[in-house]
Each structure stands twice: as structure tokens, then as C-alpha cells.
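Chemist: So here's target-v3.txt, just compact mmCIF, C-alpha atoms:
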# COMPACT_ATOMS: atom_id res chain seq x y z
CA MET K 1 0.00 0.00 0.00
CA HIS K 2 1.28 3.47 -0.82
CA PRO K 3 2.43 5.41 2.30
CA SER K 4 -0.04 8.22 1.65
CA SER K 5 -2.87 5.69 1.34
CA ASN K 6 -1.91 4.21 4.70
CA LYS K 7 -2.11 7.65 6.32
CA LEU K 8 -5.52 8.26 4.78
CA HIS K 9 -6.74 4.90 6.11
CA LYS K 10 -5.56 5.71 9.63
CA CYS K 11 -7.17 9.13 9.40
CA SER K 12 -10.51 7.66 8.34
CA VAL K 13 -10.41 5.19 11.21
CA SER K 14 -9.64 7.88 13.75
CA ARG K 15 -12.56 9.99 12.50
CA ARG K 16 -15.03 7.08 12.77
CA PRO K 17 -17.56 7.98 15.51
CA ALA K 18 -17.29 6.00 18.73
CA MET K 19 -20.07 3.51 19.51
CA VAL K 20 -22.62 5.06 21.85
CA ASP K 21 -24.80 2.94 24.14
CA ARG K 22 -28.13 4.64 23.55
CA ILE K 23 -30.17 1.88 25.20
CA SER K 24 -28.51 2.39 28.59
CA GLU K 25 -29.46 6.05 28.43
CA LEU K 26 -33.16 5.18 28.44
CA PRO K 27 -35.19 5.79 31.62
CA GLU K 28 -34.95 2.98 34.15
CA GLY K 29 -38.65 2.17 33.83
CA ILE K 30 -38.24 1.40 30.12
CA LEU K 31 -35.15 -0.72 30.78
CA VAL K 32 -37.07 -2.76 33.34
CA LYS K 33 -39.82 -3.34 30.75
CA ILE K 34 -37.18 -4.55 28.27
CA VAL K 35 -35.68 -6.96 30.82
CA SER K 36 -39.17 -8.19 31.74
CA LEU K 37 -39.60 -9.49 28.19
CA LEU K 38 -36.61 -11.82 28.57
CA THR K 39 -36.32 -15.28 30.10
CA ILE K 40 -34.74 -15.62 33.53
CA GLY K 41 -31.38 -16.65 32.08
CA GLU K 42 -31.36 -13.91 29.47
CA ALA K 43 -32.37 -11.27 32.01
CA ALA K 44 -29.66 -12.35 34.46
CA ARG K 45 -27.00 -12.19 31.74
CA THR K 46 -27.75 -8.50 31.16
CA SER K 47 -26.03 -7.80 34.50
CA ILE K 48 -22.63 -7.95 32.78
CA LEU K 49 -23.43 -5.19 30.29
CA SER K 50 -22.57 -2.29 32.57
CA HIS K 51 -22.77 -1.11 36.16
CA ARG K 52 -26.25 0.32 35.51
CA TRP K 53 -27.55 -3.04 34.23
CA LYS K 54 -26.12 -5.06 37.11
CA LYS K 55 -29.29 -5.16 39.24
CA LEU K 56 -31.92 -4.28 36.64
CA TRP K 57 -32.95 -7.90 36.07
CA THR K 58 -34.00 -8.22 39.71
CA PHE K 59 -36.79 -5.69 39.05
CA SER K 60 -38.30 -7.81 36.26
CA THR K 61 -42.11 -7.79 36.25
CA GLY K 62 -42.49 -10.43 33.54
CA SER K 63 -42.39 -14.23 33.74
CA LEU K 64 -40.22 -16.12 36.19
CA ASP K 65 -40.11 -19.44 34.37
CA PHE K 66 -38.11 -22.22 36.05
CA ASP K 67 -38.20 -25.05 33.53
CA GLY K 68 -36.29 -28.22 34.40
CA LYS K 69 -38.01 -30.40 31.81
CA ASN K 70 -34.85 -31.02 29.79
CA VAL K 71 -33.00 -32.34 32.83
CA LEU K 72 -35.84 -34.75 33.60
CA GLU K 73 -35.95 -35.98 30.00
CA GLU K 74 -32.20 -36.69 30.05
CA ILE K 75 -32.54 -38.61 33.34
CA ILE K 76 -35.31 -40.73 31.81
CA PHE K 77 -33.57 -41.18 28.46
CA PHE K 78 -30.26 -42.30 29.95
CA GLN K 79 -32.00 -44.05 32.89
CA LYS K 80 -29.84 -42.20 35.39
CA PHE K 81 -32.49 -42.20 38.09
CA GLU K 82 -29.88 -41.90 40.83
CA LEU K 83 -29.32 -38.33 39.62
CA LEU K 84 -32.87 -37.25 40.41
CA LYS K 85 -32.31 -36.33 44.07
CA PRO K 86 -29.12 -34.27 43.53
CA GLU K 87 -30.68 -32.56 40.52
CA ARG K 88 -33.75 -31.79 42.61
CA VAL K 89 -31.54 -30.15 45.25
CA LYS K 90 -29.82 -28.06 42.56
CA PHE K 91 -33.15 -27.04 41.04
CA VAL K 92 -34.64 -25.94 44.38
CA SER K 93 -31.46 -23.99 45.17
CA TRP K 94 -31.62 -22.25 41.79
CA VAL K 95 -35.24 -21.17 42.31
CA ASN K 96 -34.52 -19.94 45.85
CA GLN K 97 -31.51 -17.96 44.69
CA ILE K 98 -33.44 -16.14 41.95
CA LEU K 99 -36.50 -15.41 44.10
CA ASN K 100 -34.38 -14.13 46.98
CA ALA K 101 -32.62 -11.75 44.60
CA HIS K 102 -35.84 -10.42 43.07
CA THR K 103 -36.71 -6.92 44.29
CA GLY K 104 -39.52 -5.93 41.92
CA ALA K 105 -42.95 -5.09 43.27
CA THR K 106 -44.91 -7.37 40.94
CA ILE K 107 -44.57 -10.31 38.53
CA ASN K 108 -46.93 -11.47 35.80
CA GLU K 109 -46.13 -15.18 36.05
CA LEU K 110 -44.43 -17.77 38.22
CA ARG K 111 -43.93 -21.08 36.45
CA VAL K 112 -42.09 -24.05 38.00
CA GLN K 113 -41.58 -27.36 36.20
CA PHE K 114 -39.61 -30.22 37.75
CA ASP K 115 -40.05 -33.46 39.69
CA LEU K 116 -40.85 -32.07 43.15
CA ASP K 117 -42.65 -33.76 46.03
CA LEU K 118 -43.59 -33.34 49.66
CA SER K 119 -39.92 -33.25 50.71
CA CYS K 120 -39.67 -29.83 49.03
CA GLY K 121 -42.82 -28.58 50.74
CA LEU K 122 -41.34 -25.71 52.76
CA ASP K 123 -39.54 -24.33 49.72
CA ILE K 124 -42.63 -24.58 47.52
CA ASP K 125 -44.70 -22.89 50.23
CA SER K 126 -42.27 -19.96 50.18
CA TRP K 127 -42.46 -19.76 46.36
CA ILE K 128 -46.25 -19.53 46.44
CA ASN K 129 -46.11 -16.88 49.18
CA PHE K 130 -43.53 -14.97 47.13
CA ALA K 131 -45.79 -15.08 44.07
CA LEU K 132 -48.83 -13.86 45.99
CA GLN K 133 -46.86 -11.05 47.61
CA LYS K 134 -45.85 -9.97 44.10
CA ARG K 135 -49.53 -10.00 43.01
CA VAL K 136 -48.88 -12.75 40.48
CA ARG K 137 -51.40 -13.11 37.67
CA ARG K 138 -50.43 -16.56 36.33
CA LEU K 139 -49.34 -19.34 38.70
CA GLU K 140 -48.23 -22.63 37.14
CA LEU K 141 -46.78 -25.51 39.16
CA PHE K 142 -45.95 -28.59 37.05
CA PHE K 143 -44.40 -31.19 39.34
CA LYS K 144 -44.07 -33.92 36.72
CA ARG K 145 -42.96 -37.14 38.38
CA VAL K 146 -40.38 -39.54 36.98
CA ALA K 147 -42.04 -42.25 39.06
CA ILE K 148 -45.54 -41.60 40.38
CA HIS K 149 -45.97 -41.91 44.14
CA TRP K 150 -49.31 -40.47 45.16
CA ASP K 151 -48.57 -40.58 48.88
CA ASP K 152 -45.84 -37.92 48.67
CA CYS K 153 -47.66 -35.49 46.38
CA TYR K 154 -47.19 -31.86 47.41
CA PRO K 155 -50.46 -30.43 48.88
CA PHE K 156 -51.56 -26.90 48.02
CA PRO K 157 -51.11 -24.90 51.26
CA GLU K 158 -54.31 -23.80 52.99
CA GLN K 159 -52.52 -20.92 54.71
CA CYS K 160 -52.18 -19.18 51.34
CA LEU K 161 -55.95 -18.89 51.03
CA GLY K 162 -56.07 -16.00 53.47
CA ASN K 163 -53.78 -13.87 51.32
CA SER K 164 -55.86 -11.09 49.78
CA ASN K 165 -53.54 -10.96 46.76
CA ILE K 166 -54.98 -14.19 45.37
CA ASN K 167 -57.65 -12.05 43.73
CA PHE K 168 -55.05 -10.91 41.20
CA LEU K 169 -54.84 -14.44 39.77
CA THR K 170 -56.09 -14.81 36.19
CA SER K 171 -54.62 -18.27 35.48
CA LEU K 172 -54.00 -21.25 37.78
CA LYS K 173 -52.41 -24.46 36.49
CA LEU K 174 -51.44 -27.23 38.90
CA GLN K 175 -50.02 -30.66 38.03
CA PHE K 176 -49.20 -33.31 40.62
CA VAL K 177 -50.31 -30.90 43.33
CA GLY K 178 -52.82 -32.09 45.88
CA VAL K 179 -55.92 -29.88 45.64
CA THR K 180 -59.09 -30.71 47.57
CA GLN K 181 -62.61 -29.74 46.53
CA GLU K 182 -62.77 -27.22 49.38
CA ILE K 183 -59.54 -25.48 48.38
CA LEU K 184 -60.37 -25.36 44.68
CA GLU K 185 -63.87 -24.02 45.27
CA TYR K 186 -62.45 -21.41 47.67
CA LEU K 187 -60.01 -20.27 44.99
CA LEU K 188 -62.78 -20.05 42.40
CA SER K 189 -64.95 -18.05 44.79
CA ASN K 190 -62.23 -15.65 45.89
CA CYS K 191 -60.37 -15.07 42.64
CA PRO K 192 -62.85 -13.00 40.63
CA ASN K 193 -60.36 -12.50 37.78
CA LEU K 194 -59.69 -16.20 37.15
CA GLU K 195 -60.04 -17.05 33.45
CA PHE K 196 -58.04 -20.30 33.14
CA VAL K 197 -58.03 -23.19 35.63
CA CYS K 198 -56.18 -26.45 34.93
CA ILE K 199 -55.89 -29.22 37.53
CA SER K 200 -54.03 -32.39 36.59
CA ASN K 201 -53.08 -35.50 38.56
CA SER K 202 -54.45 -34.32 41.89
CA PRO K 203 -54.95 -37.39 44.12
CA CYS K 204 -57.34 -35.70 46.56
CA LEU K 205 -59.83 -33.93 44.28
CA LEU K 206 -63.13 -35.79 44.79
CA GLY K 207 -65.57 -33.35 43.20
CA LEU K 208 -66.13 -29.79 42.06
CA LYS K 209 -69.07 -27.40 41.89
CA VAL K 210 -68.74 -24.24 39.81
CA PHE K 211 -71.34 -21.47 39.95
CA PRO K 212 -71.56 -18.18 37.99
CA ALA K 213 -71.31 -16.00 41.09
CA SER K 214 -68.07 -17.68 42.15
CA CYS K 215 -66.20 -17.28 38.85
CA PRO K 216 -67.58 -14.41 36.76
CA LYS K 217 -64.72 -14.53 34.23
CA LEU K 218 -63.92 -18.26 33.94
CA GLU K 219 -63.39 -19.19 30.28
CA TYR K 220 -61.30 -22.38 30.32
CA LEU K 221 -61.58 -25.29 32.74
CA GLU K 222 -59.46 -28.43 32.55
CA ILE K 223 -59.65 -31.36 34.97
CA VAL K 224 -57.38 -34.23 33.91
CA HIS K 225 -56.29 -37.54 35.48
CA CYS K 226 -57.79 -36.90 38.90
CA HIS K 227 -58.53 -40.56 39.42
CA HIS K 228 -60.64 -40.26 42.57
CA LEU K 229 -63.00 -37.67 41.12
CA LYS K 230 -66.70 -38.52 41.47
CA PHE K 231 -68.59 -35.56 39.99
CA LEU K 232 -68.37 -32.21 38.20
CA GLU K 233 -71.23 -29.73 38.42
CA ILE K 234 -70.59 -26.70 36.25
CA SER K 235 -72.68 -23.60 35.73
CA ALA K 236 -70.63 -20.79 34.20
CA ILE K 237 -72.01 -18.28 31.73
CA THR K 238 -68.54 -17.22 30.52
CA LEU K 239 -67.14 -20.74 30.05
CA THR K 240 -66.04 -21.33 26.43
CA SER K 241 -63.86 -24.47 26.76
CA LEU K 242 -64.08 -27.58 28.94
CA THR K 243 -61.57 -30.43 29.10
CA TYR K 244 -62.14 -33.53 31.18
CA SER K 245 -60.16 -36.78 31.06
CA GLY K 246 -60.41 -39.48 33.65
CA PRO K 247 -62.81 -41.99 35.20
CA ARG K 248 -66.50 -42.12 34.49
CA ILE K 249 -68.19 -39.47 36.62
CA GLU K 250 -71.44 -37.57 36.97
CA LEU K 251 -70.90 -34.52 34.76
CA CYS K 252 -73.64 -31.91 34.86
CA LEU K 253 -73.45 -28.81 32.66
CA LYS K 254 -75.99 -26.06 33.25
CA ASN K 255 -76.19 -22.49 32.03
CA VAL K 256 -73.14 -22.66 29.76
CA PRO K 257 -74.42 -20.75 26.70
CA ASN K 258 -70.94 -19.83 25.47
CA LEU K 259 -69.42 -23.30 25.71
CA ALA K 260 -68.07 -24.05 22.22
CA ALA K 261 -65.11 -26.41 22.79
CA LEU K 262 -65.28 -29.84 24.44
CA SER K 263 -62.45 -32.28 25.08
CA PHE K 264 -62.98 -35.67 26.69
CA GLY K 265 -60.54 -38.46 27.40
CA GLY K 266 -59.99 -41.60 29.41
CA PHE K 267 -62.79 -43.90 30.45
CA TYR K 268 -65.26 -41.04 30.41
CA ALA K 269 -64.75 -40.55 26.66
CA ASP K 270 -65.01 -44.29 26.10
CA ASN K 271 -68.35 -44.39 27.87
CA ILE K 272 -69.75 -41.51 25.83
CA ILE K 273 -68.90 -43.40 22.63
CA ARG K 274 -70.10 -46.75 23.98
CA ASP K 275 -73.41 -45.41 25.27
CA LYS K 276 -73.91 -43.05 22.31
CA ASN K 277 -75.32 -40.68 24.87
CA PHE K 278 -74.04 -37.15 24.37
CA SER K 279 -77.38 -35.94 25.69
CA ARG K 280 -76.21 -36.71 29.22
CA LEU K 281 -74.19 -33.48 28.98
CA SER K 282 -77.44 -31.50 29.20
CA ILE K 283 -76.34 -29.03 26.53
CA SER K 284 -77.27 -28.39 22.93
CA LEU K 285 -74.74 -30.04 20.64
CA SER K 286 -75.41 -27.35 18.07
CA GLN K 287 -73.35 -24.90 20.14
CA ILE K 288 -70.21 -27.07 19.95
CA ALA K 289 -67.72 -25.91 17.31
CA LYS K 290 -64.67 -27.90 18.47
CA LEU K 291 -64.57 -31.48 19.79
CA LYS K 292 -61.65 -33.64 20.93
CA LEU K 293 -61.93 -37.29 21.93
CA ASP K 294 -58.95 -39.15 23.44
CA LEU K 295 -60.07 -42.76 23.56
CA ALA K 296 -58.38 -45.06 26.03
CA ALA K 297 -59.64 -48.38 24.73
CA ASP K 298 -60.96 -50.22 21.66
CA MET K 299 -64.02 -48.24 20.56
CA TYR K 300 -64.19 -49.29 16.90
CA GLY K 301 -67.30 -51.39 17.32
CA TYR K 302 -69.18 -48.39 18.73
CA PHE K 303 -68.37 -45.98 15.90
CA THR K 304 -71.68 -46.51 14.15
CA ARG K 305 -74.23 -43.75 14.66
CA PHE K 306 -73.76 -40.33 16.20
CA PRO K 307 -76.03 -37.39 16.89
CA ASN K 308 -75.78 -34.48 14.50
CA PHE K 309 -73.08 -31.93 15.32
CA LYS K 310 -74.44 -29.44 12.84
CA ASN K 311 -72.03 -26.60 13.68
CA LEU K 312 -68.90 -28.59 14.50
CA GLU K 313 -65.92 -27.16 12.59
CA GLN K 314 -62.94 -28.88 14.24
CA LEU K 315 -62.67 -32.54 15.24
CA GLU K 316 -59.64 -34.18 16.85
CA LEU K 317 -59.36 -37.90 17.59
CA ILE K 318 -56.69 -39.81 19.50
CA VAL K 319 -57.24 -43.52 18.89
CA LYS K 320 -55.56 -46.81 19.68
CA THR K 321 -54.91 -48.83 16.54
CA SER K 322 -52.69 -51.47 14.96
CA ASP K 323 -51.62 -52.73 11.56
CA HIS K 324 -54.57 -55.14 11.66
CA ARG K 325 -57.25 -52.50 12.23
CA SER K 326 -59.19 -50.19 9.96
CA LEU K 327 -59.70 -46.57 10.90
CA LEU K 328 -62.52 -46.16 8.40
CA SER K 329 -65.04 -46.68 11.19
CA CYS K 330 -64.10 -43.18 12.37
CA THR K 331 -65.71 -41.74 9.26
CA SER K 332 -69.17 -42.33 10.74
CA LEU K 333 -68.39 -39.49 13.13
CA LEU K 334 -67.25 -37.31 10.23
CA ARG K 335 -70.59 -37.91 8.55
CA ALA K 336 -72.32 -36.46 11.62
CA CYS K 337 -70.40 -33.19 11.17
CA PRO K 338 -71.62 -31.55 7.93
CA MET K 339 -69.73 -28.28 8.58
CA LEU K 340 -66.43 -29.93 9.48
CA TYR K 341 -63.49 -27.77 8.37
CA ARG K 342 -60.52 -29.35 10.15
CA PHE K 343 -59.98 -33.00 11.04
CA SER K 344 -57.01 -34.18 13.10
CA ILE K 345 -56.22 -37.75 14.08
CA GLN K 346 -53.39 -39.14 16.19
CA MET K 347 -52.71 -42.84 16.00
CA GLU K 348 -51.36 -44.62 19.06
CA TRP K 349 -50.01 -47.91 17.83
CA VAL K 350 -50.45 -51.12 19.83
CA ASP K 351 -49.60 -54.75 19.16
CA GLU K 352 -52.56 -57.09 18.76
CA PRO K 353 -53.39 -60.28 16.84
CA ALA K 354 -54.61 -60.14 13.24
CA GLU K 355 -58.36 -59.98 12.67
CA VAL K 356 -60.84 -59.29 9.91
CA ARG K 357 -60.66 -55.66 8.86
CA GLU K 358 -63.84 -53.59 9.09
CA ARG K 359 -65.33 -52.10 5.97
CA VAL K 360 -67.26 -48.91 5.40
CA GLU K 361 -70.30 -49.49 3.22
CA LYS K 362 -71.12 -45.88 2.47
CA SER K 363 -68.93 -42.97 1.46
CA ILE K 364 -69.91 -39.35 1.87
CA ARG K 365 -68.64 -36.16 0.29
CA LEU K 366 -66.94 -34.01 2.92
CA LYS K 367 -67.55 -30.75 1.12
CA CYS K 368 -66.48 -28.41 3.93
CA LEU K 369 -63.33 -30.29 4.93
CA LYS K 370 -60.30 -28.13 4.10
CA VAL K 371 -57.56 -29.23 6.54
CA VAL K 372 -56.49 -32.76 7.55
CA GLU K 373 -53.75 -33.59 10.05
CA PHE K 374 -52.21 -37.00 10.75
CA ARG K 375 -49.95 -37.52 13.77
CA TRP K 376 -47.73 -40.59 14.21
CA PHE K 377 -48.33 -41.63 10.61
CA ARG K 378 -46.42 -44.87 9.96
CA GLY K 379 -47.41 -45.58 6.38
CA SER K 380 -49.13 -48.86 7.27
CA THR K 381 -52.24 -50.21 5.57
CA THR K 382 -54.29 -48.75 8.42
CA ASP K 383 -53.37 -45.06 8.16
CA VAL K 384 -52.85 -45.11 4.37
CA GLU K 385 -56.38 -46.49 3.95
CA LEU K 386 -57.87 -43.60 5.94
CA ALA K 387 -55.73 -41.02 4.15
CA THR K 388 -56.84 -42.39 0.77
CA TYR K 389 -60.49 -42.23 1.85
CA LEU K 390 -60.16 -38.57 2.87
CA LEU K 391 -58.32 -37.60 -0.30
CA THR K 392 -61.07 -39.24 -2.34
CA ASN K 393 -64.05 -37.80 -0.45
CA ALA K 394 -62.84 -34.28 0.44
CA PRO K 395 -62.92 -32.52 -2.95
CA TYR K 396 -62.05 -29.08 -1.59
CA LEU K 397 -59.13 -30.11 0.60
CA GLU K 398 -56.59 -27.29 0.90
CA LYS K 399 -53.97 -28.68 3.26
CA ILE K 400 -52.88 -32.07 4.56
CA GLN K 401 -50.23 -32.26 7.26
CA VAL K 402 -48.59 -35.60 7.97
CA ASP K 403 -46.36 -35.95 11.03
CA THR K 404 -44.40 -39.21 11.04
CA ARG K 405 -42.82 -38.58 14.45
CA HIS K 406 -43.80 -40.26 17.70
CA PRO K 407 -45.95 -37.54 19.37
CA TYR K 408 -44.45 -38.11 22.80
CA HIS K 409 -40.86 -38.06 21.51
CA VAL K 410 -41.00 -34.71 19.73
CA GLY K 411 -38.55 -32.30 21.32
CA THR K 412 -36.98 -34.98 23.53
CA PRO K 413 -33.82 -37.13 23.20
CA PHE K 414 -36.10 -40.03 22.19
CA GLU K 415 -36.92 -38.31 18.91
CA VAL K 416 -33.66 -39.50 17.32
CA MET K 417 -34.67 -43.12 18.02
CA ASP K 418 -37.66 -43.07 15.66
CA LYS K 419 -36.56 -45.32 12.79
CA GLU K 420 -39.83 -45.65 10.87
CA ASN K 421 -39.87 -42.13 9.44
CA VAL K 422 -38.19 -43.02 6.15
CA THR K 423 -40.77 -45.67 5.24
CA ALA K 424 -43.63 -43.47 6.37
CA LYS K 425 -42.44 -40.49 4.33
CA GLU K 426 -42.10 -42.67 1.24
CA ARG K 427 -45.74 -43.73 1.59
CA VAL K 428 -46.73 -40.08 1.96
CA ARG K 429 -44.96 -39.25 -1.30
CA GLN K 430 -46.95 -42.00 -2.99
CA LEU K 431 -50.18 -40.55 -1.62
CA ALA K 432 -49.19 -37.10 -2.87
CA THR K 433 -49.66 -38.26 -6.47
CA SER K 434 -53.43 -38.37 -5.90
CA LEU K 435 -53.52 -35.00 -4.14
CA SER K 436 -55.36 -32.14 -5.80
CA PRO K 437 -52.98 -29.60 -7.46
CA HIS K 438 -54.35 -26.75 -5.35
CA ALA K 439 -53.81 -28.62 -2.04
CA GLU K 440 -50.71 -28.15 0.12
CA LEU K 441 -48.84 -31.14 1.57
CA LEU K 442 -46.64 -30.70 4.65
CA VAL K 443 -44.60 -33.65 5.92
CA LEU K 444 -42.88 -33.64 9.31
Produce C-alpha cells that represent the structure in this file.
Modeler:
Amino acid sequence: MHPSSNKLHKCSVSRRPAMVDRISELPEGILVKIVSLLTIGEAARTSILSHRWKKLWTFSTGSLDFDGKNVLEEIIFFQKFELLKPERVKFVSWVNQILNAHTGATINELRVQFDLDLSCGLDIDSWINFALQKRVRRLELFFKRVAIHWDDCYPFPEQCLGNSNINFLTSLKLQFVGVTQEILEYLLSNCPNLEFVCISNSPCLLGLKVFPASCPKLEYLEIVHCHHLKFLEISAITLTSLTYSGPRIELCLKNVPNLAALSFGGFYADNIIRDKNFSRLSISLSQIAKLKLDLAADMYGYFTRFPNFKNLEQLELIVKTSDHRSLLSCTSLLRACPMLYRFSIQMEWVDEPAEVRERVEKSIRLKCLKVVEFRWFRGSTTDVELATYLLTNAPYLEKIQVDTRHPYHVGTPFEVMDKENVTAKERVRQLATSLSPHAELLVL
């Protein structure tokens, strides 16, 4: 390079304006809002940016999300169950450290997900008290268990019920947390802003009564795998979605004019199909726009006649099947849904002896069906037969999504173990030749 050129280069570099940190010059209130949009880890890492940022993350008003799901999945995948207790100690210590450092006045959400039991009771009590003191809006405790032991399930603390700040709650989701009928009904009656309530795997929930005066804003209610439950009595004008999965119970729905989405699973769903008695729900089926059925047992022989779901737009089925079954019996339910727009089916494959395959005598044009989704598609005679039927009888189909992955392995270390994807995807490509040119095919 010519000497004069070198001097010019140095001159241009020296005249280049220095980088100015404009963000740090913003008012502290705006910086706290920025930090509140980050995850716990991301927010904590901002402390190294400058002296001004060092403590900002402790004022976060957003979500405090303590998610240990990946650690649990690795323990299960590698069968290192001896690591559970030390990992539990580390997890509890991590949560305590963050909550003790937090100095903000409020938080929007506290979410904890790990295998925690009664031995962590005092710590969990303090976390709930912390959340209520911060006027938390969304409280989610997911204590997923590697091995289920009902006798050491953490019980929701009664002493928290006297805290006046529970009325700030808009969403309550509890899994593997012991919640009695008295506690849950107290929460519903004293949390006027509650919109979402999800209770899963509670060993001590025996029943529940919901009345309009007790929950004026309740929109979504989910009660799942509470195996000692005996009854649900629900009257809620604002309720739009109800999910129940578990044993057969007395379910009474009254004054639910806005209820548009139903999801049933377990033995209760099986009994509805077996008895062909949707009328027991005491509601008009014409108001249902979305229906999900998760069937626990062999229900093929009962898929014959259904009442008319004249306004149903979305139907989702989770069914047990095998290479020796035919899923065409499910189409009798499709025929009962003349306005069906989206149909989703998840196959759960089981081993069973060969038998005579069922046949469908009558086909029907599914003129409103635009979207079809298959999950755990293996490319066997069973799922290919159903896919072919839908391609033939849904003339205005716009999209078909085929997921060849095991639904419970997606996003976990087990996903790499699925070996059947190649065969399944090849069968999907063969099906694509009969797909309408204007329809989209998505393969996962």
C-alpha cells in the first residue's frame, strides 16, 4: 500500500464515531420493561453489560419461568435415576436464589416445572407466598414425576388462602399438586379474575361445583387424570372451553351458553362413545364448534351412529390402533359433522393379533373439509387407507399435514430413536400423487 494511502486509512479510522450505548441512556422504567420481556437466564445475563444493568434484572415484572423439563428428560432417556435427588436439590437452590434476589414489586407469572414432592414442601410454600406477595397473575406448578408416588404429592397450602392478593390471579395451572374440593372451590370463589383453571393429577380432588357468582370470568376449565374424582357440576355463563379426562363421573353442565369447545378423554370418553349418549351433557350439541376425543380403549365397534353436530368445525381424535385395524369406522363421526373444516387424528399404535378388517359401506362427500392432520403416521395399511379415503371424499381439501414422528418423543432425546420415518415419508410421497394440485402437503 502506498504510504499516503496508509495515512488516509488511519485518518478515516480515527474519525469514525465512537459507539454510543443509547439503550442504557433510556429511563430505568423502560429498561425494566425490556428486561421483563426476557427469560430468567437472558435477564440475568444483562447484569454484565454495565454497572447500571447489574441489578436491573432483579426488578423484572415479567415471567419467572423455572423449567427443568430437559434435565428430567435426560434422566429418563439415559436411565440415570440416581441423579434425580441431587438434581432436585440443585433445582430448588436455583429457584430460591433467583427469588431471593428479586426486588420488583410485581410479577406477571411464576412457572415451576420439575419433579418435586412433599420433601420440598417448605420451599414450595415460600415460592407460592412470594408469588402472591408480588400479586402474580399466572401461577403454574408442574411437578411432573419420573415415578408416580401419590402418597408424597405436594399439597396446596391452605394458609395461602387468606392472602388477599390471590384475587389478582387470572390463570392457575397445577399438576401433581394435591388440591381438595374445598380449596379449589375457595379459589374459584375468591379469585374473581380467574379465566383459566387447569388441575391435573391431583390425588385428593373428589368433586367440584362451579357457579356463575363464584367465577364471573372463567373461560377455560381443565380437569385431567384426577382418578378419585366422582362428579363435576358446572354452571358458568362465561365458560367457552371444557376439558375432562379421567374416570366415568357424573358430569352436569348447566347455564353454559358460550361453551363451544369440548375435550374428553380416558374412560369417560369411552363411555360416551359406547353409550352413544351425548345428551347426558345436558347441553345443545349445536353450540359445539370444536370437539376432541382421546379414547383409552378399543371403541371401533361403537363408531356406528352419532347425533348431529351441525355446527362442529374442528374434530380431533386420538385412537388406539394397529396394523390389523381399519380406521374407516371413524368416518361415521365425520358424517355427523356436515360443517367440518378441520380434522385431526393421532394414531397410538399397539400390538394385537390379526383380525378381519372392518369395511365402510357408504362414502360421503366431505364438502367443507379443508384441513387434515395426521400424527404418528407410519405408512401402514391402516393409516394409508384412511388417508386415501379422505383424499377421495374431500374434494375441496386445501392442506394435509402428515407428522411421522412419535408424538411423545418430539422435542426430547427419544426423537432420534424413531426409525420408521423413512418408510412413512415414502408412503406419503406416494399418496401425494393423488392430491389435488391446489392442495398443500406438509410432511414432518
Chemist: Restricting the calculation to all atoms listed in the file: of K:Asp115, K:Asp65, K:Glu316, K:Asp123, which residue gets closest to K:His149?
Modeler: K:Asp115
Chemist: Measure the distance from atom CA of K:Ser322 to atom CA of K:Leu442 in Å and round it to one decimal.
Modeler: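 Those two atoms sit 24.0 Å apart.
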Chemist: Counting only C-alpha atoms, which residue out of K:Asn421, K:Ser235, K:Asn308, K:Thr404 sits closest to K:Glu348?
Modeler: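 Closest to K:Glu348 of all the choices is K:Thr404.
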Chemist: By how many Å are atom CA of K:Thr238 and atom CA of K:Val256 apart?
Modeler: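 Interatomic distance here is 7.2 Å.
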Chemist: Rank nothing, just name the residue among K:Phe303, K:Tyr341, K:Phe211, K:Trp376 nearest to K:Ser329, using only C-alpha atoms.
Modeler: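 Of K:Phe303, K:Tyr341, K:Phe211, K:Trp376, the one nearest K:Ser329, counting only C-alpha atoms, is K:Phe303.
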Chemist: Can you pull out the residues contacting stretch 224-233 of chain K? Cut-off 9 Å, using all atoms listed in the file, and skip same-chain residues under 2 positions away; I want them as an mmCIF file with C-alpha atoms, keeping the file's coordinate frame.
Modeler:
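And here's selection-v3.cif as it stands now:
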data_model
loop_
_atom_site.group_PDB
_atom_site.id
_atom_site.type_symbol
_atom_site.label_atom_id
_atom_site.label_comp_id
_atom_site.auth_asym_id
_atom_site.auth_seq_id
_atom_site.Cartn_x
_atom_site.Cartn_y
_atom_site.Cartn_z
ATOM 1 C CA CYS K 198 -56.180 -26.450 34.930
ATOM 2 C CA ILE K 199 -55.890 -29.220 37.530
ATOM 3 C CA SER K 200 -54.030 -32.390 36.590
ATOM 4 C CA ASN K 201 -53.080 -35.500 38.560
ATOM 5 C CA SER K 202 -54.450 -34.320 41.890
ATOM 6 C CA PRO K 203 -54.950 -37.390 44.120
ATOM 7 C CA CYS K 204 -57.340 -35.700 46.560
ATOM 8 C CA LEU K 205 -59.830 -33.930 44.280
ATOM 9 C CA LEU K 206 -63.130 -35.790 44.790
ATOM 10 C CA GLY K 207 -65.570 -33.350 43.200
ATOM 11 C CA LEU K 208 -66.130 -29.790 42.060
ATOM 12 C CA LYS K 209 -69.070 -27.400 41.890
ATOM 13 C CA VAL K 210 -68.740 -24.240 39.810
ATOM 14 C CA PHE K 211 -71.340 -21.470 39.950
ATOM 15 C CA GLU K 222 -59.460 -28.430 32.550
ATOM 16 C CA SER K 235 -72.680 -23.600 35.730
ATOM 17 C CA THR K 243 -61.570 -30.430 29.100
ATOM 18 C CA TYR K 244 -62.140 -33.530 31.180
ATOM 19 C CA SER K 245 -60.160 -36.780 31.060
ATOM 20 C CA GLY K 246 -60.410 -39.480 33.650
ATOM 21 C CA PRO K 247 -62.810 -41.990 35.200
ATOM 22 C CA ARG K 248 -66.500 -42.120 34.490
ATOM 23 C CA ILE K 249 -68.190 -39.470 36.620
ATOM 24 C CA GLU K 250 -71.440 -37.570 36.970
ATOM 25 C CA LEU K 251 -70.900 -34.520 34.760
ATOM 26 C CA CYS K 252 -73.640 -31.910 34.860
ATOM 27 C CA LEU K 253 -73.450 -28.810 32.660
ATOM 28 C CA LYS K 254 -75.990 -26.060 33.250
ATOM 29 C CA GLY K 265 -60.540 -38.460 27.400
ATOM 30 C CA GLY K 266 -59.990 -41.600 29.410
#
Chemist: Compile the contact shell of stretch 282-289 of chain K as a ChimeraX atom specification: residues with an atom at most 10 Å away, counting all atoms listed in the file, same-chain residues fewer than 4 positions apart removed.
Modeler: /K:240-241,251-262,278,307-315,337,339-340
Chemist: Quick one, how far is atom CA of K:Ser326 from atom CA of K:Glu373?
Modeler: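 Distance between the two atoms: 17.5 Å.
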Chemist: Just want the 8 Å neighbourhood of K:Leu333, counted on only C-alpha atoms, with same-chain residues fewer than 3 positions away dropped. Output as JSON, numbers by chain.
Modeler: {"K": [303, 304, 305, 306, 330, 336, 337]}
Chemist: I need the residues from that last selection saved to file as a compact mmCIF listing (two decimals), keeping the file's coordinate frame (with C-alpha atoms), if you can.
Modeler:
# COMPACT_ATOMS: atom_id res chain seq x y z
CA PHE K 303 -68.37 -45.98 15.90
CA THR K 304 -71.68 -46.51 14.15
CA ARG K 305 -74.23 -43.75 14.66
CA PHE K 306 -73.76 -40.33 16.20
CA CYS K 330 -64.10 -43.18 12.37
CA ALA K 336 -72.32 -36.46 11.62
CA CYS K 337 -70.40 -33.19 11.17
